[in-house]
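**Q** Just so it is clear, I am handing over model-v3.cif, which has mmCIF, N, CA and C atoms.
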data_start
loop_
_atom_site.label_atom_id
_atom_site.label_comp_id
_atom_site.auth_asym_id
_atom_site.auth_seq_id
_atom_site.Cartn_x
_atom_site.Cartn_y
_atom_site.Cartn_z
N MET A 129 -10.43 -3.95 -14.06
CA MET A 129 -11.58 -3.38 -14.70
C MET A 129 -11.13 -2.78 -16.03
N PRO A 130 -11.88 -2.99 -17.05
CA PRO A 130 -11.54 -2.37 -18.34
C PRO A 130 -11.59 -0.84 -18.22
N ILE A 131 -10.70 -0.18 -18.91
CA ILE A 131 -10.64 1.28 -18.85
C ILE A 131 -11.98 1.90 -19.24
N GLU A 132 -12.74 1.23 -20.06
CA GLU A 132 -14.05 1.76 -20.47
C GLU A 132 -14.99 1.92 -19.28
N ASN A 133 -14.77 1.15 -18.22
CA ASN A 133 -15.62 1.22 -17.03
C ASN A 133 -15.01 2.07 -15.92
N ALA A 134 -13.82 2.57 -16.14
CA ALA A 134 -13.14 3.38 -15.12
C ALA A 134 -13.81 4.75 -14.99
N PRO A 135 -13.64 5.39 -13.84
CA PRO A 135 -14.29 6.69 -13.65
C PRO A 135 -13.70 7.81 -14.53
N PHE A 136 -12.49 7.62 -15.05
CA PHE A 136 -11.84 8.62 -15.89
C PHE A 136 -11.27 7.93 -17.13
N SER A 137 -10.97 8.69 -18.14
CA SER A 137 -10.42 8.14 -19.38
C SER A 137 -8.94 7.78 -19.21
N GLN A 138 -8.45 6.95 -20.12
CA GLN A 138 -7.03 6.62 -20.10
C GLN A 138 -6.19 7.89 -20.27
N ALA A 139 -6.65 8.81 -21.11
CA ALA A 139 -5.91 10.07 -21.31
C ALA A 139 -5.81 10.85 -20.00
N GLU A 140 -6.86 10.82 -19.19
CA GLU A 140 -6.82 11.53 -17.91
C GLU A 140 -5.85 10.86 -16.94
N TYR A 141 -5.90 9.52 -16.86
CA TYR A 141 -4.93 8.83 -16.00
C TYR A 141 -3.50 9.08 -16.50
N ASP A 142 -3.29 9.06 -17.81
CA ASP A 142 -1.96 9.32 -18.37
C ASP A 142 -1.48 10.73 -18.00
N ARG A 143 -2.38 11.70 -18.02
CA ARG A 143 -2.03 13.08 -17.65
C ARG A 143 -1.62 13.14 -16.19
N ARG A 144 -2.36 12.50 -15.34
CA ARG A 144 -2.05 12.50 -13.91
C ARG A 144 -0.71 11.83 -13.63
N ILE A 145 -0.47 10.71 -14.28
CA ILE A 145 0.79 10.00 -14.09
C ILE A 145 1.95 10.82 -14.61
N ALA A 146 1.78 11.45 -15.76
CA ALA A 146 2.85 12.30 -16.32
C ALA A 146 3.17 13.45 -15.38
N LYS A 147 2.16 14.04 -14.81
CA LYS A 147 2.35 15.15 -13.86
C LYS A 147 3.12 14.67 -12.62
N THR A 148 2.75 13.50 -12.13
CA THR A 148 3.44 12.93 -10.97
C THR A 148 4.88 12.58 -11.31
N ARG A 149 5.08 12.00 -12.48
CA ARG A 149 6.45 11.62 -12.87
C ARG A 149 7.34 12.84 -13.09
N ALA A 150 6.78 13.92 -13.56
CA ALA A 150 7.57 15.15 -13.70
C ALA A 150 8.06 15.61 -12.33
N ALA A 151 7.19 15.55 -11.33
CA ALA A 151 7.59 15.93 -9.97
C ALA A 151 8.62 14.94 -9.42
N MET A 152 8.45 13.65 -9.74
CA MET A 152 9.42 12.65 -9.31
C MET A 152 10.79 12.93 -9.90
N SER A 153 10.84 13.21 -11.19
CA SER A 153 12.11 13.49 -11.86
C SER A 153 12.78 14.71 -11.25
N GLU A 154 11.99 15.74 -11.01
CA GLU A 154 12.53 16.97 -10.41
C GLU A 154 13.13 16.70 -9.04
N ALA A 155 12.54 15.78 -8.30
CA ALA A 155 13.01 15.45 -6.95
C ALA A 155 14.08 14.35 -6.95
N GLY A 156 14.39 13.78 -8.12
CA GLY A 156 15.39 12.72 -8.18
C GLY A 156 14.89 11.38 -7.69
N ILE A 157 13.60 11.13 -7.83
CA ILE A 157 12.98 9.88 -7.37
C ILE A 157 12.81 8.94 -8.57
N ASP A 158 13.26 7.69 -8.40
CA ASP A 158 13.13 6.68 -9.45
C ASP A 158 11.80 5.93 -9.37
N VAL A 159 11.33 5.69 -8.15
CA VAL A 159 10.09 4.96 -7.90
C VAL A 159 9.39 5.66 -6.74
N LEU A 160 8.08 5.85 -6.86
CA LEU A 160 7.31 6.48 -5.80
C LEU A 160 6.35 5.45 -5.22
N PHE A 161 6.30 5.38 -3.88
CA PHE A 161 5.33 4.53 -3.20
C PHE A 161 4.27 5.45 -2.58
N VAL A 162 3.06 5.37 -3.13
CA VAL A 162 1.96 6.25 -2.75
C VAL A 162 1.07 5.51 -1.75
N THR A 163 0.80 6.12 -0.60
CA THR A 163 0.05 5.45 0.45
C THR A 163 -1.28 6.12 0.78
N ASN A 164 -1.47 7.35 0.40
CA ASN A 164 -2.71 8.05 0.73
C ASN A 164 -3.85 7.53 -0.16
N PRO A 165 -4.96 7.09 0.43
CA PRO A 165 -6.05 6.54 -0.39
C PRO A 165 -6.54 7.48 -1.49
N SER A 166 -6.61 8.77 -1.21
CA SER A 166 -7.08 9.69 -2.25
C SER A 166 -6.08 9.78 -3.40
N ASN A 167 -4.80 9.70 -3.12
CA ASN A 167 -3.79 9.73 -4.17
C ASN A 167 -3.73 8.41 -4.93
N MET A 168 -3.97 7.30 -4.22
CA MET A 168 -4.05 6.01 -4.90
C MET A 168 -5.21 6.02 -5.89
N TYR A 169 -6.33 6.57 -5.46
CA TYR A 169 -7.50 6.67 -6.35
C TYR A 169 -7.20 7.58 -7.54
N TRP A 170 -6.54 8.69 -7.28
CA TRP A 170 -6.23 9.67 -8.33
C TRP A 170 -5.37 9.05 -9.43
N LEU A 171 -4.44 8.18 -9.05
CA LEU A 171 -3.54 7.55 -10.03
C LEU A 171 -4.11 6.30 -10.67
N THR A 172 -4.90 5.53 -9.93
CA THR A 172 -5.29 4.19 -10.41
C THR A 172 -6.79 3.92 -10.40
N GLY A 173 -7.55 4.69 -9.65
CA GLY A 173 -8.97 4.41 -9.48
C GLY A 173 -9.25 3.47 -8.32
N TYR A 174 -8.19 3.03 -7.59
CA TYR A 174 -8.43 2.10 -6.48
C TYR A 174 -9.35 2.75 -5.46
N ASN A 175 -10.43 2.04 -5.15
CA ASN A 175 -11.45 2.57 -4.26
C ASN A 175 -11.82 1.49 -3.27
N GLY A 176 -11.12 1.48 -2.14
CA GLY A 176 -11.38 0.48 -1.12
C GLY A 176 -11.23 1.08 0.27
N TRP A 177 -11.88 0.50 1.22
CA TRP A 177 -11.83 0.97 2.61
C TRP A 177 -10.86 0.07 3.37
N SER A 178 -9.64 -0.01 2.87
CA SER A 178 -8.66 -0.95 3.43
C SER A 178 -7.37 -0.26 3.84
N PHE A 179 -7.45 1.04 4.11
CA PHE A 179 -6.24 1.80 4.42
C PHE A 179 -5.62 1.43 5.76
N TYR A 180 -6.31 0.66 6.57
CA TYR A 180 -5.80 0.28 7.89
C TYR A 180 -4.79 -0.86 7.82
N VAL A 181 -4.58 -1.42 6.63
CA VAL A 181 -3.50 -2.39 6.42
C VAL A 181 -2.53 -1.79 5.40
N HIS A 182 -1.35 -2.38 5.33
CA HIS A 182 -0.35 -1.86 4.40
C HIS A 182 -0.83 -2.03 2.96
N GLN A 183 -0.79 -0.95 2.23
CA GLN A 183 -1.18 -0.95 0.82
C GLN A 183 -0.60 0.30 0.18
N GLY A 184 -0.55 0.29 -1.14
CA GLY A 184 -0.06 1.47 -1.83
C GLY A 184 0.00 1.24 -3.33
N VAL A 185 0.44 2.29 -3.99
CA VAL A 185 0.66 2.25 -5.43
C VAL A 185 2.15 2.45 -5.65
N ILE A 186 2.72 1.57 -6.45
CA ILE A 186 4.13 1.67 -6.84
C ILE A 186 4.14 2.34 -8.21
N LEU A 187 4.76 3.50 -8.28
CA LEU A 187 4.82 4.22 -9.55
C LEU A 187 6.28 4.38 -9.99
N PRO A 188 6.73 3.55 -10.94
CA PRO A 188 8.06 3.73 -11.52
C PRO A 188 8.02 4.86 -12.56
N LEU A 189 9.19 5.27 -13.02
CA LEU A 189 9.25 6.34 -14.02
C LEU A 189 8.72 5.91 -15.38
N ASP A 190 8.63 4.60 -15.61
CA ASP A 190 8.12 4.08 -16.89
C ASP A 190 7.07 3.02 -16.63
N GLY A 191 6.15 2.89 -17.56
CA GLY A 191 5.14 1.84 -17.49
C GLY A 191 3.97 2.19 -16.60
N ALA A 192 3.07 1.24 -16.48
CA ALA A 192 1.87 1.43 -15.66
C ALA A 192 2.23 1.37 -14.18
N PRO A 193 1.42 1.99 -13.34
CA PRO A 193 1.62 1.83 -11.89
C PRO A 193 1.17 0.44 -11.46
N TYR A 194 1.56 0.06 -10.27
CA TYR A 194 1.16 -1.21 -9.68
C TYR A 194 0.36 -0.92 -8.42
N TRP A 195 -0.76 -1.62 -8.25
CA TRP A 195 -1.45 -1.59 -6.97
C TRP A 195 -0.86 -2.72 -6.14
N TRP A 196 -0.53 -2.46 -4.87
CA TRP A 196 0.02 -3.46 -3.97
C TRP A 196 -0.75 -3.40 -2.66
N GLY A 197 -1.20 -4.56 -2.18
CA GLY A 197 -1.92 -4.58 -0.91
C GLY A 197 -2.30 -5.98 -0.50
N ARG A 198 -3.05 -6.04 0.57
CA ARG A 198 -3.49 -7.30 1.17
C ARG A 198 -4.25 -8.15 0.16
N GLY A 199 -4.04 -9.46 0.24
CA GLY A 199 -4.65 -10.39 -0.71
C GLY A 199 -6.14 -10.23 -0.85
N MET A 200 -6.85 -10.14 0.26
CA MET A 200 -8.31 -10.04 0.17
C MET A 200 -8.76 -8.73 -0.47
N ASP A 201 -7.91 -7.72 -0.45
CA ASP A 201 -8.24 -6.46 -1.11
C ASP A 201 -7.86 -6.45 -2.59
N GLY A 202 -7.13 -7.47 -3.01
CA GLY A 202 -6.79 -7.60 -4.42
C GLY A 202 -8.03 -7.70 -5.30
N ASN A 203 -9.07 -8.35 -4.79
CA ASN A 203 -10.31 -8.44 -5.57
C ASN A 203 -10.95 -7.06 -5.74
N GLY A 204 -10.88 -6.23 -4.71
CA GLY A 204 -11.37 -4.86 -4.84
C GLY A 204 -10.56 -4.08 -5.85
N ALA A 205 -9.25 -4.33 -5.86
CA ALA A 205 -8.41 -3.66 -6.86
C ALA A 205 -8.80 -4.09 -8.27
N ARG A 206 -9.05 -5.37 -8.44
CA ARG A 206 -9.45 -5.87 -9.76
C ARG A 206 -10.74 -5.21 -10.26
N ARG A 207 -11.59 -4.80 -9.32
CA ARG A 207 -12.87 -4.20 -9.69
C ARG A 207 -12.79 -2.68 -9.85
N THR A 208 -11.70 -2.06 -9.38
CA THR A 208 -11.67 -0.59 -9.39
C THR A 208 -10.50 0.03 -10.14
N VAL A 209 -9.35 -0.64 -10.24
CA VAL A 209 -8.21 -0.02 -10.93
C VAL A 209 -8.33 -0.22 -12.44
N TRP A 210 -7.71 0.66 -13.19
CA TRP A 210 -7.76 0.58 -14.66
C TRP A 210 -6.68 -0.32 -15.23
N MET A 211 -5.68 -0.71 -14.41
CA MET A 211 -4.57 -1.49 -14.92
C MET A 211 -4.96 -2.96 -15.09
N GLU A 212 -4.17 -3.67 -15.89
CA GLU A 212 -4.38 -5.10 -16.13
C GLU A 212 -3.96 -5.91 -14.90
N GLU A 213 -4.35 -7.18 -14.89
CA GLU A 213 -4.11 -8.09 -13.77
C GLU A 213 -2.65 -8.13 -13.33
N GLU A 214 -1.71 -8.10 -14.26
CA GLU A 214 -0.29 -8.21 -13.88
C GLU A 214 0.21 -7.02 -13.09
N PHE A 215 -0.58 -5.97 -13.00
CA PHE A 215 -0.20 -4.78 -12.24
C PHE A 215 -0.91 -4.73 -10.88
N ILE A 216 -1.52 -5.82 -10.49
CA ILE A 216 -2.15 -5.96 -9.18
C ILE A 216 -1.32 -6.96 -8.39
N LEU A 217 -0.72 -6.50 -7.30
CA LEU A 217 0.23 -7.32 -6.55
C LEU A 217 -0.26 -7.53 -5.11
N PRO A 218 -1.06 -8.54 -4.88
CA PRO A 218 -1.52 -8.80 -3.51
C PRO A 218 -0.47 -9.57 -2.71
N TYR A 219 -0.38 -9.23 -1.42
CA TYR A 219 0.46 -10.03 -0.53
C TYR A 219 -0.44 -10.97 0.29
N ARG A 220 0.17 -11.97 0.88
CA ARG A 220 -0.59 -13.00 1.61
C ARG A 220 -1.26 -12.42 2.84
N ASP A 221 -2.50 -12.76 3.04
CA ASP A 221 -3.25 -12.27 4.20
C ASP A 221 -2.60 -12.66 5.53
N GLN A 222 -1.86 -13.75 5.55
CA GLN A 222 -1.20 -14.20 6.77
C GLN A 222 -0.16 -13.19 7.27
N MET A 223 0.25 -12.26 6.43
CA MET A 223 1.25 -11.27 6.84
C MET A 223 0.65 -10.18 7.73
N VAL A 224 -0.65 -10.04 7.72
CA VAL A 224 -1.30 -9.01 8.52
C VAL A 224 -1.21 -9.38 10.00
N GLN A 225 -0.69 -8.48 10.80
CA GLN A 225 -0.55 -8.65 12.26
C GLN A 225 0.34 -9.84 12.63
N SER A 226 1.20 -10.27 11.73
CA SER A 226 2.09 -11.39 12.02
C SER A 226 3.30 -10.91 12.81
N ASP A 227 3.79 -11.76 13.71
CA ASP A 227 5.03 -11.43 14.42
C ASP A 227 6.24 -12.16 13.83
N ILE A 228 6.03 -12.85 12.69
CA ILE A 228 7.16 -13.54 12.05
C ILE A 228 7.42 -13.07 10.62
N MET A 229 6.50 -12.29 10.04
CA MET A 229 6.71 -11.75 8.70
C MET A 229 5.96 -10.42 8.60
N HIS A 230 6.37 -9.60 7.66
CA HIS A 230 5.77 -8.27 7.52
C HIS A 230 5.47 -7.98 6.06
N PRO A 231 4.35 -7.32 5.77
CA PRO A 231 4.01 -7.00 4.38
C PRO A 231 5.10 -6.21 3.66
N MET A 232 5.86 -5.38 4.37
CA MET A 232 6.89 -4.59 3.71
C MET A 232 8.02 -5.46 3.16
N GLU A 233 8.17 -6.66 3.71
CA GLU A 233 9.13 -7.61 3.13
C GLU A 233 8.67 -7.99 1.73
N ASP A 234 7.36 -8.16 1.55
CA ASP A 234 6.80 -8.48 0.24
C ASP A 234 6.99 -7.31 -0.72
N LEU A 235 6.73 -6.10 -0.24
CA LEU A 235 6.93 -4.92 -1.07
C LEU A 235 8.39 -4.80 -1.52
N ALA A 236 9.31 -4.98 -0.58
CA ALA A 236 10.73 -4.90 -0.92
C ALA A 236 11.11 -5.96 -1.95
N SER A 237 10.55 -7.15 -1.83
CA SER A 237 10.81 -8.21 -2.79
C SER A 237 10.33 -7.82 -4.19
N HIS A 238 9.12 -7.26 -4.27
CA HIS A 238 8.60 -6.82 -5.56
C HIS A 238 9.50 -5.73 -6.17
N LEU A 239 9.93 -4.80 -5.35
CA LEU A 239 10.78 -3.73 -5.87
C LEU A 239 12.09 -4.28 -6.41
N ARG A 240 12.68 -5.25 -5.70
CA ARG A 240 13.92 -5.88 -6.19
C ARG A 240 13.67 -6.62 -7.49
N ILE A 241 12.59 -7.40 -7.57
CA ILE A 241 12.27 -8.16 -8.78
C ILE A 241 12.06 -7.22 -9.96
N MET A 242 11.46 -6.06 -9.71
CA MET A 242 11.22 -5.07 -10.77
C MET A 242 12.51 -4.36 -11.21
N GLY A 243 13.60 -4.61 -10.49
CA GLY A 243 14.86 -3.97 -10.83
C GLY A 243 15.11 -2.66 -10.11
N HIS A 244 14.36 -2.43 -9.04
CA HIS A 244 14.48 -1.16 -8.30
C HIS A 244 15.19 -1.32 -6.96
N GLY A 245 15.95 -2.40 -6.80
CA GLY A 245 16.64 -2.65 -5.53
C GLY A 245 17.60 -1.56 -5.14
N ASP A 246 18.22 -0.90 -6.12
CA ASP A 246 19.18 0.16 -5.84
C ASP A 246 18.63 1.54 -6.22
N ALA A 247 17.34 1.60 -6.49
CA ALA A 247 16.72 2.86 -6.94
C ALA A 247 16.50 3.80 -5.76
N ARG A 248 16.33 5.07 -6.11
CA ARG A 248 15.91 6.05 -5.10
C ARG A 248 14.39 5.99 -5.03
N ILE A 249 13.90 5.55 -3.89
CA ILE A 249 12.47 5.31 -3.72
C ILE A 249 11.89 6.42 -2.85
N GLY A 250 10.92 7.11 -3.39
CA GLY A 250 10.20 8.12 -2.63
C GLY A 250 9.02 7.48 -1.96
N VAL A 251 8.76 7.86 -0.71
CA VAL A 251 7.66 7.30 0.05
C VAL A 251 6.77 8.43 0.54
N GLU A 252 5.51 8.35 0.19
CA GLU A 252 4.55 9.34 0.66
C GLU A 252 4.34 9.12 2.16
N MET A 253 4.64 10.13 2.96
CA MET A 253 4.61 9.96 4.41
C MET A 253 3.57 10.84 5.09
N GLU A 254 2.70 11.49 4.35
CA GLU A 254 1.76 12.41 4.98
C GLU A 254 0.45 11.74 5.39
N THR A 255 0.38 10.43 5.30
CA THR A 255 -0.81 9.71 5.66
C THR A 255 -0.68 9.26 7.11
N TYR A 256 -1.59 9.69 7.97
CA TYR A 256 -1.43 9.45 9.41
C TYR A 256 -1.40 7.97 9.79
N PHE A 257 -2.00 7.09 9.00
CA PHE A 257 -2.07 5.68 9.36
C PHE A 257 -0.94 4.87 8.75
N PHE A 258 -0.06 5.52 7.95
CA PHE A 258 1.07 4.81 7.36
C PHE A 258 2.26 4.98 8.27
N THR A 259 2.73 3.89 8.85
CA THR A 259 3.90 3.94 9.72
C THR A 259 5.09 3.38 8.95
N ALA A 260 5.88 4.25 8.42
CA ALA A 260 7.01 3.84 7.58
C ALA A 260 8.02 3.05 8.38
#
Would you mind giving the structure from this file in structure tokens?

**A**
Amino acid sequence: MPIENAPFSQAEYDRRIAKTRAAMSEAGIDVLFVTNPSNMYWLTGYNGWSFYVHQGVILPLDGAPYWWGRGMDGNGARRTVWMEEEFILPYRDQMVQSDIMHPMEDLASHLRIMGHGDARIGVEMETYFFTA
């Protein structure tokens, strides 16, 4: 979605991200994985009722955040987040409830490709439906 249609201005999203990154730096975190729907919305505008599957926001210390989640929810991300298409990372729907592959394998792959394979990754764990 173009930033002009987002619920907040780019300056407001930039302020929120800067505030989060300051806390990340203080804690020694290189990349933060945000799982709480309200915090995902606060950082990106993502507004979907899909918290029952693996999803989150990847926030590195530099650049835009990434929305990551189930493929069918990628369309919802395209309609609600302020970031461009390349920052929307859907995983294959076949990974949901699979006994041969897991969505977190996809997340780990993205983190490695982004150059964060050896980074200190913070994971938001206060969301009751996120099983780390």

**Q** So how far away is atom CA of A:Gly245 from atom CA of A:Gln222, in Å?

**A**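 A separation of 24.6 Å between them.
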
**Q** Kindly give the distance, in Å, that separates atom C of A:Pro218 and atom CA of A:Glu132, rounded to a single decimal.

**A** 25.1 Å

**Q** For the strand (DSSP E or B) assignment from backbone DSSP, which residues of stretch 144-228 of chain A qualify? Please present them as a ChimeraX atom specification.

**A** /A:159-162,184-188,194-198,216-219

**Q** Based on the selection just made, write N, CA and C atoms of those residues as a compact mmCIF listing (two decimals), in the coordinates of the input.

**A**
# COMPACT_ATOMS: atom_id res chain seq x y z
N VAL A 159 11.33 5.69 -8.15
CA VAL A 159 10.09 4.96 -7.90
C VAL A 159 9.39 5.66 -6.74
N LEU A 160 8.08 5.85 -6.86
CA LEU A 160 7.31 6.48 -5.80
C LEU A 160 6.35 5.45 -5.22
N PHE A 161 6.30 5.38 -3.88
CA PHE A 161 5.33 4.53 -3.20
C PHE A 161 4.27 5.45 -2.58
N VAL A 162 3.06 5.37 -3.13
CA VAL A 162 1.96 6.25 -2.75
C VAL A 162 1.07 5.51 -1.75
N GLY A 184 -0.55 0.29 -1.14
CA GLY A 184 -0.06 1.47 -1.83
C GLY A 184 0.00 1.24 -3.33
N VAL A 185 0.44 2.29 -3.99
CA VAL A 185 0.66 2.25 -5.43
C VAL A 185 2.15 2.45 -5.65
N ILE A 186 2.72 1.57 -6.45
CA ILE A 186 4.13 1.67 -6.84
C ILE A 186 4.14 2.34 -8.21
N LEU A 187 4.76 3.50 -8.28
CA LEU A 187 4.82 4.22 -9.55
C LEU A 187 6.28 4.38 -9.99
N PRO A 188 6.73 3.55 -10.94
CA PRO A 188 8.06 3.73 -11.52
C PRO A 188 8.02 4.86 -12.56
N TYR A 194 1.56 0.06 -10.27
CA TYR A 194 1.16 -1.21 -9.68
C TYR A 194 0.36 -0.92 -8.42
N TRP A 195 -0.76 -1.62 -8.25
CA TRP A 195 -1.45 -1.59 -6.97
C TRP A 195 -0.86 -2.72 -6.14
N TRP A 196 -0.53 -2.46 -4.87
CA TRP A 196 0.02 -3.46 -3.97
C TRP A 196 -0.75 -3.40 -2.66
N GLY A 197 -1.20 -4.56 -2.18
CA GLY A 197 -1.92 -4.58 -0.91
C GLY A 197 -2.30 -5.98 -0.50
N ARG A 198 -3.05 -6.04 0.57
CA ARG A 198 -3.49 -7.30 1.17
C ARG A 198 -4.25 -8.15 0.16
N ILE A 216 -1.52 -5.82 -10.49
CA ILE A 216 -2.15 -5.96 -9.18
C ILE A 216 -1.32 -6.96 -8.39
N LEU A 217 -0.72 -6.50 -7.30
CA LEU A 217 0.23 -7.32 -6.55
C LEU A 217 -0.26 -7.53 -5.11
N PRO A 218 -1.06 -8.54 -4.88
CA PRO A 218 -1.52 -8.80 -3.51
C PRO A 218 -0.47 -9.57 -2.71
N TYR A 219 -0.38 -9.23 -1.42
CA TYR A 219 0.46 -10.03 -0.53
C TYR A 219 -0.44 -10.97 0.29

**Q** Please compute the atom CA of A:Asp221-atom N of A:Asn203 distance, one decimal, in Å.

**A** 11.4 Å

**Q** Do you know which residues the PyMOL selection byres ((chain A and resi 200) around 8) returns on this file, as a list in words?

**A** Gly197, Arg198, Gly199, Asp201, Gly202, Asn203, Gly204, Ala205, Pro218, Tyr219, Arg220 and Asp221 of chain A

**Q** Please enumerate the residues selected by the PyMOL selection byres ((chain A and resi 210) around 6) when evaluated against the supplied file, formatted as number ranges by chain.

**A** A: 129-131, 172-173, 208-209, 211-212
